[in-house]
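As stored in run-v6.txt (compact mmCIF, C-alpha atoms and all ligand atoms):
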# COMPACT_ATOMS: atom_id res chain seq x y z
CA MET A 13 65.92 76.58 -9.15
CA ASN A 14 64.22 75.41 -5.94
CA ASN A 15 62.25 78.44 -4.94
CA MET A 16 60.53 77.25 -1.77
CA ALA A 17 57.69 79.70 -2.23
CA GLU A 18 56.24 78.12 -5.32
CA PRO A 19 57.74 74.75 -6.13
CA ARG A 20 54.52 73.47 -7.69
CA ALA A 21 54.16 76.09 -10.34
CA GLN A 22 57.78 75.70 -11.33
CA HIS A 23 57.50 72.00 -11.93
CA ALA A 24 53.98 71.76 -13.29
CA VAL A 25 54.11 70.60 -16.89
CA ASP A 26 50.77 70.30 -18.67
CA PRO A 27 50.71 66.81 -20.21
CA VAL A 28 48.12 67.87 -22.80
CA GLU A 29 50.23 70.77 -24.06
CA LEU A 30 53.27 68.51 -24.08
CA THR A 31 51.38 65.87 -26.07
CA ALA A 32 50.36 68.56 -28.56
CA ASP A 33 53.94 69.81 -28.85
CA LEU A 34 55.12 66.26 -29.53
CA VAL A 35 52.39 65.60 -32.10
CA ARG A 36 53.61 68.70 -33.98
CA CYS A 37 57.05 67.09 -34.31
CA GLN A 38 57.06 65.10 -37.55
CA THR A 39 58.45 61.81 -36.33
CA VAL A 40 57.38 59.25 -38.90
CA THR A 41 59.57 56.33 -37.92
CA PRO A 42 62.55 56.53 -37.54
CA GLU A 43 62.68 60.35 -37.85
CA GLU A 44 63.64 62.14 -34.64
CA GLY A 45 61.66 65.16 -35.82
CA GLY A 46 62.69 67.29 -32.83
CA ALA A 47 60.67 65.21 -30.33
CA LEU A 48 63.55 63.71 -28.34
CA GLU A 49 65.35 67.05 -28.36
CA LEU A 50 62.25 68.77 -27.00
CA LEU A 51 61.95 66.19 -24.21
CA SER A 52 65.65 66.33 -23.48
CA ALA A 53 65.52 70.11 -23.03
CA LEU A 54 62.41 69.91 -20.84
CA LEU A 55 63.70 67.09 -18.63
CA SER A 56 67.12 68.74 -18.27
CA GLU A 57 65.44 71.92 -17.14
CA HIS A 58 63.75 69.97 -14.32
CA GLY A 59 66.73 68.09 -12.93
CA PHE A 60 67.16 65.09 -15.21
CA GLN A 61 70.50 64.24 -16.77
CA CYS A 62 69.90 63.50 -20.43
CA GLN A 63 71.98 61.91 -23.11
CA ARG A 64 71.36 60.61 -26.57
CA ILE A 65 72.22 56.96 -27.10
CA ASP A 66 71.81 56.87 -30.86
CA ARG A 67 72.94 53.76 -32.68
CA LYS A 68 73.24 53.25 -36.42
CA GLY A 69 71.25 56.40 -37.11
CA ILE A 70 68.44 55.44 -34.73
CA PRO A 71 67.69 58.23 -32.24
CA ASN A 72 67.38 57.26 -28.54
CA LEU A 73 67.20 59.32 -25.35
CA TYR A 74 68.27 58.23 -21.89
CA ALA A 75 67.25 60.52 -19.04
CA VAL A 76 67.90 59.86 -15.36
CA TRP A 77 66.99 61.72 -12.20
CA GLY A 78 68.79 60.98 -8.93
CA GLU A 79 72.06 59.64 -10.28
CA GLY A 80 74.30 58.76 -7.35
CA ARG A 81 71.42 58.29 -4.90
CA SER A 82 70.97 55.04 -3.02
CA GLY A 83 67.67 53.19 -3.18
CA ARG A 84 65.96 51.66 -6.14
CA THR A 85 65.67 52.55 -9.77
CA PHE A 86 62.32 52.85 -11.48
CA GLY A 87 62.19 53.05 -15.26
CA PHE A 88 59.76 54.18 -17.93
CA ASN A 89 60.05 53.18 -21.57
CA GLY A 90 58.29 54.67 -24.54
CA HIS A 91 58.70 55.85 -28.10
CA THR A 92 58.24 59.12 -29.94
CA ASP A 93 58.13 57.79 -33.50
CA VAL A 94 54.83 57.21 -35.27
CA VAL A 95 53.60 55.12 -38.17
CA PRO A 96 53.10 56.87 -41.54
CA ILE A 97 49.89 58.83 -41.99
CA GLY A 98 48.82 57.10 -45.20
CA ASP A 99 46.89 59.29 -47.63
CA PRO A 100 46.55 62.77 -46.05
CA LYS A 101 43.26 63.20 -47.92
CA ASP A 102 41.74 60.51 -45.70
CA TRP A 103 42.31 62.69 -42.62
CA THR A 104 39.71 65.27 -41.60
CA VAL A 105 42.38 67.14 -39.58
CA ASP A 106 46.06 67.99 -40.06
CA PRO A 107 47.81 64.78 -38.90
CA PHE A 108 50.55 66.88 -37.30
CA GLY A 109 48.34 69.80 -36.23
CA ALA A 110 47.44 68.55 -32.72
CA GLU A 111 44.05 70.18 -33.02
CA ILE A 112 41.85 69.95 -29.93
CA ARG A 113 38.11 69.78 -30.60
CA ASP A 114 35.47 69.06 -27.94
CA GLY A 115 38.01 67.72 -25.49
CA ILE A 116 39.65 65.43 -28.04
CA LEU A 117 43.22 65.90 -29.29
CA TYR A 118 43.78 64.74 -32.88
CA GLY A 119 46.98 63.73 -34.60
CA ARG A 120 49.27 60.91 -35.60
CA GLY A 121 50.87 59.50 -32.48
CA SER A 122 48.34 61.11 -30.13
CA THR A 123 47.46 57.64 -28.82
CA ASP A 124 50.51 55.63 -29.84
CA MET A 125 52.20 56.94 -27.84
CA LYS A 126 53.09 60.60 -27.51
CA SER A 127 50.38 61.08 -24.87
CA GLY A 128 51.90 58.25 -22.80
CA VAL A 129 55.36 59.79 -23.04
CA ALA A 130 54.01 63.26 -22.19
CA ALA A 131 51.93 61.98 -19.25
CA PHE A 132 54.91 60.18 -17.74
CA ALA A 133 57.35 63.05 -18.30
CA ALA A 134 54.92 65.50 -16.68
CA ALA A 135 54.23 63.11 -13.78
CA ALA A 136 57.93 62.41 -13.21
CA ILE A 137 58.89 66.10 -13.26
CA SER A 138 56.31 66.85 -10.55
CA PHE A 139 57.18 63.75 -8.53
CA VAL A 140 60.95 64.11 -8.33
CA ASN A 141 60.80 67.84 -7.64
CA GLU A 142 57.91 67.95 -5.19
CA THR A 143 58.62 64.73 -3.26
CA PRO A 144 62.19 63.70 -4.14
CA PRO A 145 62.48 59.92 -3.70
CA ASP A 146 65.43 58.05 -2.29
CA GLY A 147 66.18 56.46 -5.62
CA ARG A 148 66.41 57.06 -9.32
CA VAL A 149 63.89 57.53 -12.11
CA ILE A 150 64.93 56.59 -15.64
CA ILE A 151 63.10 57.66 -18.78
CA ALA A 152 64.29 55.58 -21.75
CA LEU A 153 62.84 56.67 -25.07
CA THR A 154 63.42 55.55 -28.62
CA GLY A 155 62.57 57.14 -31.93
CA ALA A 156 62.27 53.80 -33.72
CA GLU A 157 59.86 51.41 -32.04
CA GLU A 158 57.49 51.14 -34.95
CA THR A 159 60.19 49.86 -37.30
CA GLY A 160 61.09 47.11 -34.84
CA SER A 161 64.68 48.33 -35.02
CA PRO A 162 67.29 46.40 -33.01
CA ASP A 163 68.99 49.76 -32.37
CA GLY A 164 66.15 51.35 -30.43
CA THR A 165 65.17 50.33 -26.91
CA ARG A 166 67.42 47.28 -27.22
CA ALA A 167 70.40 49.59 -27.72
CA ILE A 168 69.47 51.56 -24.59
CA VAL A 169 69.20 48.39 -22.48
CA GLN A 170 72.53 47.14 -23.84
CA TRP A 171 74.12 50.51 -23.09
CA MET A 172 72.71 50.41 -19.54
CA GLU A 173 74.05 46.91 -18.94
CA ALA A 174 77.46 47.77 -20.40
CA ASN A 175 77.60 50.78 -18.04
CA ASP A 176 76.40 48.90 -14.95
CA VAL A 177 73.11 50.74 -14.82
CA ARG A 178 70.45 48.43 -13.47
CA ALA A 179 66.79 49.30 -13.22
CA ASP A 180 64.79 47.38 -10.63
CA HIS A 181 61.44 47.72 -12.37
CA PHE A 182 60.17 49.18 -15.62
CA ILE A 183 56.81 50.23 -16.96
CA VAL A 184 56.08 50.74 -20.66
CA GLY A 185 53.57 53.41 -21.66
CA GLU A 186 52.01 51.75 -24.71
CA PRO A 187 48.23 52.01 -24.98
CA THR A 188 47.00 48.92 -23.11
CA SER A 189 43.47 49.80 -22.08
CA LEU A 190 40.61 48.21 -23.98
CA LYS A 191 37.49 50.41 -23.63
CA SER A 192 38.39 53.00 -21.02
CA ILE A 193 41.58 54.02 -19.27
CA GLY A 194 42.50 51.61 -16.53
CA ASP A 195 40.54 48.55 -17.60
CA ALA A 196 43.60 46.58 -18.70
CA ILE A 197 47.35 46.37 -18.30
CA LYS A 198 49.72 44.00 -20.08
CA ILE A 199 52.01 41.55 -18.33
CA GLY A 200 53.06 39.80 -21.50
CA ARG A 201 52.76 39.57 -25.25
CA ARG A 202 53.17 36.66 -27.59
CA GLY A 203 56.33 36.38 -29.64
CA THR A 204 56.25 36.67 -33.43
CA ILE A 205 58.38 34.80 -35.94
CA THR A 206 58.06 34.47 -39.71
CA VAL A 207 59.39 31.29 -41.30
CA PHE A 208 60.20 31.07 -45.01
CA LEU A 209 60.16 27.56 -46.47
CA THR A 210 61.69 26.51 -49.79
CA VAL A 211 61.05 22.98 -51.03
CA THR A 212 63.36 21.74 -53.77
CA GLY A 213 62.67 18.68 -55.90
CA VAL A 214 63.62 17.88 -59.48
CA GLN A 215 62.23 19.78 -62.46
CA GLY A 216 60.73 17.79 -65.31
CA HIS A 217 58.11 17.35 -68.03
CA SER A 218 54.65 17.05 -66.58
CA GLY A 219 53.95 14.25 -69.07
CA TYR A 220 56.76 12.22 -67.48
CA PRO A 221 56.31 12.88 -63.76
CA GLU A 222 58.23 9.71 -62.90
CA LYS A 223 61.37 11.42 -64.21
CA ALA A 224 60.88 14.46 -61.96
CA ASN A 225 60.35 14.96 -58.26
CA ASN A 226 57.56 17.46 -57.82
CA PRO A 227 58.11 19.61 -54.69
CA LEU A 228 54.44 20.71 -54.60
CA PRO A 229 52.90 17.57 -53.04
CA ALA A 230 55.62 17.69 -50.39
CA LEU A 231 54.78 21.31 -49.58
CA VAL A 232 51.03 20.62 -49.50
CA ASP A 233 51.56 17.67 -47.16
CA LEU A 234 53.87 19.68 -44.95
CA LEU A 235 51.46 22.60 -44.69
CA GLN A 236 48.56 20.29 -43.98
CA GLY A 237 50.59 18.77 -41.15
CA PHE A 238 51.11 22.21 -39.63
CA GLY A 239 47.40 22.87 -39.85
CA GLU A 240 46.46 19.61 -38.12
CA THR A 241 48.59 19.88 -35.00
CA ALA A 242 47.86 22.61 -32.50
CA MET A 243 51.07 24.10 -31.16
CA ASP A 244 49.61 24.16 -27.65
CA GLU A 245 46.37 24.67 -25.78
CA GLY A 246 47.29 28.04 -24.34
CA THR A 247 48.76 28.67 -20.89
CA GLU A 248 47.51 30.27 -17.71
CA TYR A 249 47.88 33.83 -19.03
CA PHE A 250 48.23 33.33 -22.78
CA ALA A 251 45.97 32.30 -25.64
CA PRO A 252 47.12 29.29 -27.71
CA SER A 253 50.04 29.85 -30.07
CA THR A 254 48.96 30.19 -33.68
CA LEU A 255 50.42 29.42 -37.07
CA ALA A 256 49.10 31.11 -40.22
CA ILE A 257 50.18 30.23 -43.76
CA THR A 258 50.48 33.67 -45.36
CA THR A 259 51.59 32.77 -48.89
CA ILE A 260 52.30 29.80 -51.13
CA ASP A 261 54.34 30.51 -54.26
CA THR A 262 55.50 28.49 -57.20
CA GLY A 263 55.81 31.16 -59.85
CA ASN A 264 55.45 28.56 -62.57
CA PRO A 265 54.19 30.06 -65.84
CA ALA A 266 54.41 26.81 -67.82
CA ARG A 267 51.59 24.28 -68.21
CA ASN A 268 53.82 21.31 -68.90
CA VAL A 269 56.69 21.76 -66.48
CA ILE A 270 56.97 20.36 -63.00
CA PRO A 271 58.77 23.10 -61.08
CA ALA A 272 62.03 22.50 -59.24
CA THR A 273 61.07 24.60 -56.23
CA CYS A 274 58.14 26.07 -54.41
CA LYS A 275 57.89 28.30 -51.36
CA ALA A 276 55.59 29.11 -48.49
CA THR A 277 55.66 31.55 -45.59
CA LEU A 278 54.42 30.91 -42.06
CA SER A 279 53.55 33.61 -39.55
CA ILE A 280 53.76 32.16 -36.05
CA ARG A 281 52.65 33.83 -32.79
CA PHE A 282 53.94 31.93 -29.80
CA ASN A 283 53.18 32.08 -26.09
CA ASP A 284 55.34 31.59 -23.00
CA LYS A 285 55.59 27.81 -23.61
CA TRP A 286 57.98 28.58 -26.45
CA THR A 287 61.06 30.48 -27.43
CA SER A 288 61.91 31.27 -31.05
CA GLY A 289 64.52 28.47 -30.88
CA LYS A 290 61.92 25.94 -29.79
CA VAL A 291 59.56 27.07 -32.55
CA LEU A 292 62.28 26.60 -35.18
CA ASP A 293 63.08 23.15 -33.79
CA TRP A 294 59.41 22.25 -33.99
CA VAL A 295 59.23 23.45 -37.61
CA SER A 296 62.29 21.44 -38.56
CA THR A 297 60.89 18.19 -37.14
CA HIS A 298 58.02 18.66 -39.60
CA THR A 299 60.30 19.55 -42.51
CA ARG A 300 62.59 16.56 -41.86
CA THR A 301 59.61 14.22 -41.93
CA ALA A 302 58.49 15.70 -45.27
CA GLU A 303 62.02 15.45 -46.68
CA GLU A 304 62.19 11.74 -45.85
CA LYS A 305 58.70 11.02 -47.09
CA PHE A 306 59.06 12.84 -50.44
CA GLY A 307 62.80 12.78 -51.14
CA VAL A 308 62.94 16.59 -51.44
CA THR A 309 65.13 19.08 -49.63
CA ILE A 310 63.55 21.81 -47.55
CA SER A 311 65.45 24.88 -46.50
CA THR A 312 64.15 27.38 -43.96
CA ASP A 313 64.92 30.98 -43.28
CA HIS A 314 63.30 33.16 -40.63
CA HIS A 315 62.73 36.66 -39.33
CA LEU A 316 62.23 37.07 -35.58
CA SER A 317 60.08 40.10 -34.82
CA GLY A 318 60.24 39.47 -31.10
CA GLU A 319 60.44 36.83 -28.41
CA CYS A 320 57.48 36.34 -26.12
CA PHE A 321 57.58 38.74 -23.18
CA PHE A 322 56.13 37.70 -19.85
CA THR A 323 56.48 39.05 -16.33
CA PRO A 324 54.50 36.68 -14.11
CA PRO A 325 51.93 38.42 -11.90
CA GLY A 326 53.67 39.67 -8.78
CA ALA A 327 54.51 42.71 -6.72
CA LEU A 328 54.91 45.09 -9.69
CA SER A 329 51.66 44.16 -11.45
CA LYS A 330 49.80 44.35 -8.12
CA LEU A 331 51.24 47.79 -7.36
CA VAL A 332 50.23 49.01 -10.83
CA GLN A 333 46.75 47.49 -10.52
CA ASP A 334 46.26 49.12 -7.10
CA ALA A 335 47.44 52.52 -8.38
CA VAL A 336 45.21 52.37 -11.46
CA GLU A 337 42.22 51.39 -9.32
CA GLN A 338 42.83 54.25 -6.89
CA GLU A 339 42.99 56.78 -9.71
CA THR A 340 40.36 55.51 -12.14
CA GLY A 341 37.99 53.53 -9.96
CA GLN A 342 38.40 50.35 -11.93
CA ARG A 343 40.77 47.47 -11.34
CA PRO A 344 42.60 46.57 -14.56
CA GLN A 345 42.66 43.02 -15.81
CA MET A 346 46.05 41.57 -16.73
CA THR A 347 46.19 40.73 -20.43
CA THR A 348 48.73 39.36 -22.89
CA LEU A 349 46.99 40.45 -26.10
CA GLY A 350 48.34 42.29 -29.12
CA GLY A 351 51.46 42.47 -31.24
CA SER A 352 54.98 42.88 -29.95
CA SER A 353 56.25 45.90 -28.00
CA ASP A 354 59.60 47.05 -26.65
CA ALA A 355 58.83 45.29 -23.37
CA ARG A 356 60.45 42.30 -25.07
CA HIS A 357 63.81 44.06 -24.76
CA LEU A 358 63.29 44.86 -21.07
CA PHE A 359 61.77 41.82 -19.39
CA LYS A 360 65.08 39.98 -19.08
CA HIS A 361 66.63 43.05 -17.46
CA CYS A 362 63.93 43.42 -14.78
CA PRO A 363 60.18 42.92 -14.23
CA VAL A 364 58.13 45.03 -16.65
CA VAL A 365 54.44 45.90 -16.96
CA GLU A 366 52.73 47.92 -19.69
CA VAL A 367 50.14 50.46 -18.62
CA GLY A 368 48.64 53.18 -20.79
CA LEU A 369 45.62 54.68 -22.51
CA THR A 370 43.00 53.06 -24.71
CA GLY A 371 44.32 52.13 -28.11
CA GLU A 372 41.13 52.28 -30.12
CA THR A 373 42.40 54.57 -32.89
CA LEU A 374 46.08 53.69 -32.92
CA HIS A 375 47.59 53.54 -36.41
CA GLN A 376 44.27 54.77 -37.88
CA VAL A 377 43.39 57.96 -39.76
CA ASP A 378 42.13 60.72 -37.43
CA GLU A 379 43.99 59.08 -34.53
CA HIS A 380 42.87 60.85 -31.38
CA VAL A 381 42.96 60.84 -27.61
CA SER A 382 40.73 62.36 -24.98
CA VAL A 383 42.27 65.25 -23.05
CA ALA A 384 40.69 63.89 -19.86
CA GLU A 385 42.43 60.55 -20.40
CA ILE A 386 45.83 62.21 -20.78
CA ASN A 387 45.33 63.98 -17.45
CA ALA A 388 44.09 60.76 -15.84
CA LEU A 389 47.15 58.90 -17.12
CA LYS A 390 49.45 61.50 -15.60
CA SER A 391 47.71 60.92 -12.25
CA VAL A 392 48.08 57.14 -12.63
CA TYR A 393 51.81 57.43 -13.37
CA GLY A 394 52.29 59.84 -10.49
CA ARG A 395 50.61 57.47 -8.05
CA ILE A 396 52.60 54.49 -9.36
CA MET A 397 55.84 56.35 -8.58
CA ARG A 398 54.67 57.53 -5.14
CA ASP A 399 53.51 54.04 -4.19
CA TYR A 400 56.65 52.46 -5.61
CA PHE A 401 59.10 54.60 -3.69
CA GLY A 402 56.84 54.58 -0.63
CA SER A 403 56.75 50.79 -0.54
CA GLU A 404 60.41 50.13 0.17
CA GLY A 405 60.82 46.45 0.97
CA LYS A 406 57.38 45.42 -0.26
CA ILE A 407 58.29 45.37 -3.90
ZN ZN B 501 53.49 52.18 -29.72
Could you rewrite the structure in this file as structure tokens?
Amino acid sequence: MNNMAEPRAQHAVDPVELTADLVRCQTVTPEEGGALELLSALLSEHGFQCQRIDRKGIPNLYAVWGEGRSGRTFGFNGHTDVVPIGDPKDWTVDPFGAEIRDGILYGRGSTDMKSGVAAFAAAAISFVNETPPDGRVIIALTGAEETGSPDGTRAIVQWMEANDVRADHFIVGEPTSLKSIGDAIKIGRRGTITVFLTVTGVQGHSGYPEKANNPLPALVDLLQGFGETAMDEGTEYFAPSTLAITTIDTGNPARNVIPATCKATLSIRFNDKWTSGKVLDWVSTHTRTAEEKFGVTISTDHHLSGECFFTPPGALSKLVQDAVEQETGQRPQMTTLGGSSDARHLFKHCPVVEVGLTGETLHQVDEHVSVAEINALKSVYGRIMRDYFGSEGKI
């Protein structure tokens, strides 16, 4: 394979063509749609060892270059699945056509995040073949990020840990930039938990309320209490945690019946002051107070979408900031905005930073990405790897 005469041509993968090829794979979450297979074939051809780590029907790909080498291990995480297209009539292009018009590539997943995956794969193929590092490069991809599946990136990390594979640092290729490529990276995201409350009193005739115990005043008082106390004031890198009441339900069709139960749902976004356990403890101090005050019982159930992820600013974020600045001319700010990402499965394994394109049209109709930005992102990823492996001892 290593023809000394023309190593560049052999290992030059066009990230725009690769993005287009991936957009043409129909990967509405959690469909594999041929995307991971395409990447597996491409990466294998250029020296990566690839294996599928599917779990419970969720497709995942683990690719590594440099197995058996000493030195450090640098990882990239991304996803090939996309959110549904909605009504195809709302699109002015074929959502899976990957049409390029005036330097813009259109299609579902073009921003989130097939371009990120393509840019890194192309950068890594050039890097490991042209300037082989003393270390390993891992590409860990899932086909089910958008569903929030516990069998996606989490399964890959668990497989790595069970097999004694340890990455030293990871980057995630989600779109993180705000207005133009390179203006922002993410070092954290707030956690998200949904809490379901059920207040149970005693049903009765509304004409004889003394014989019943109406759960509604208890719920109203409880919810008011949540609204009055701020969870926190924010932290150095995070906005304040927030609590939103998303529904209140009694489902009582009768005019003269005090209901036995009523329900409410809370959507809570929490920063690095909290864990999901602490949030649930905080909720239950409120519910216990309401139980005592009103003589009702309050049960809670919850769904954890993701813990808060946070890698404090340090060597990795500085290296990424420096590399982005060198390639794009602007120094990215470190943000913690947005919903959850798969970085939440990685940050306990090793430091992780998210760096990618602008996300202006992600999840929208006519999702698109600029061809110039895809090429710029490949350059950014290439420089991150060169600086990383060239900085032995500094990071
Ligand atoms: Zn994404």
Compute the set of protein, DNA and RNA residues whose minimum atom distance to ligand ZN 501 (chain B) is at most 10 Å, using only C-alpha atoms and all ligand atoms, and state it as a list of chain:residue names. A:Gly90, A:His91, A:Thr92, A:Asp93, A:Val94, A:Val95, A:Gly121, A:Thr123, A:Asp124, A:Met125, A:Lys126, A:Gly128, A:Ala156, A:Glu157, A:Glu158, A:Val184, A:Gly185, A:Glu186, A:Pro187, A:Thr188, A:Ser352, A:Ser353, A:Asp354, A:Gly371, A:Leu374, A:His375
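Distances from A:Ser296, A:Pro271, A:Ala276, A:Thr204 to Thr254 of chain A were compared using all atoms listed in the file, and the smallest one belongs to A:Thr204.
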I'd like the neighbourhood of segment 277-284 of chain A as a PyMOL selection string, where a residue qualifies if any of its atoms comes within 8 Å (using all atoms listed in the file), though same-chain residues fewer than 2 positions away should be ignored. chain A and resi 201-209+246-247+250-260+275+286-287+291+320-322
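Nearest residue to Gly200 of chain A, choosing from A:Gly46, A:Pro265, A:Pro27, A:Pro363 and counting only C-alpha atoms: A:Pro363.
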Name the residues, using the chain letters and numbers of the file, that sit within 12 Å of (43.4, 45.3, -17.3) when counting all atoms listed in the file, and give them as a PyMOL selection string. chain A and resi 187-200+329-330+332-334+336-337+340+342-349+365-370
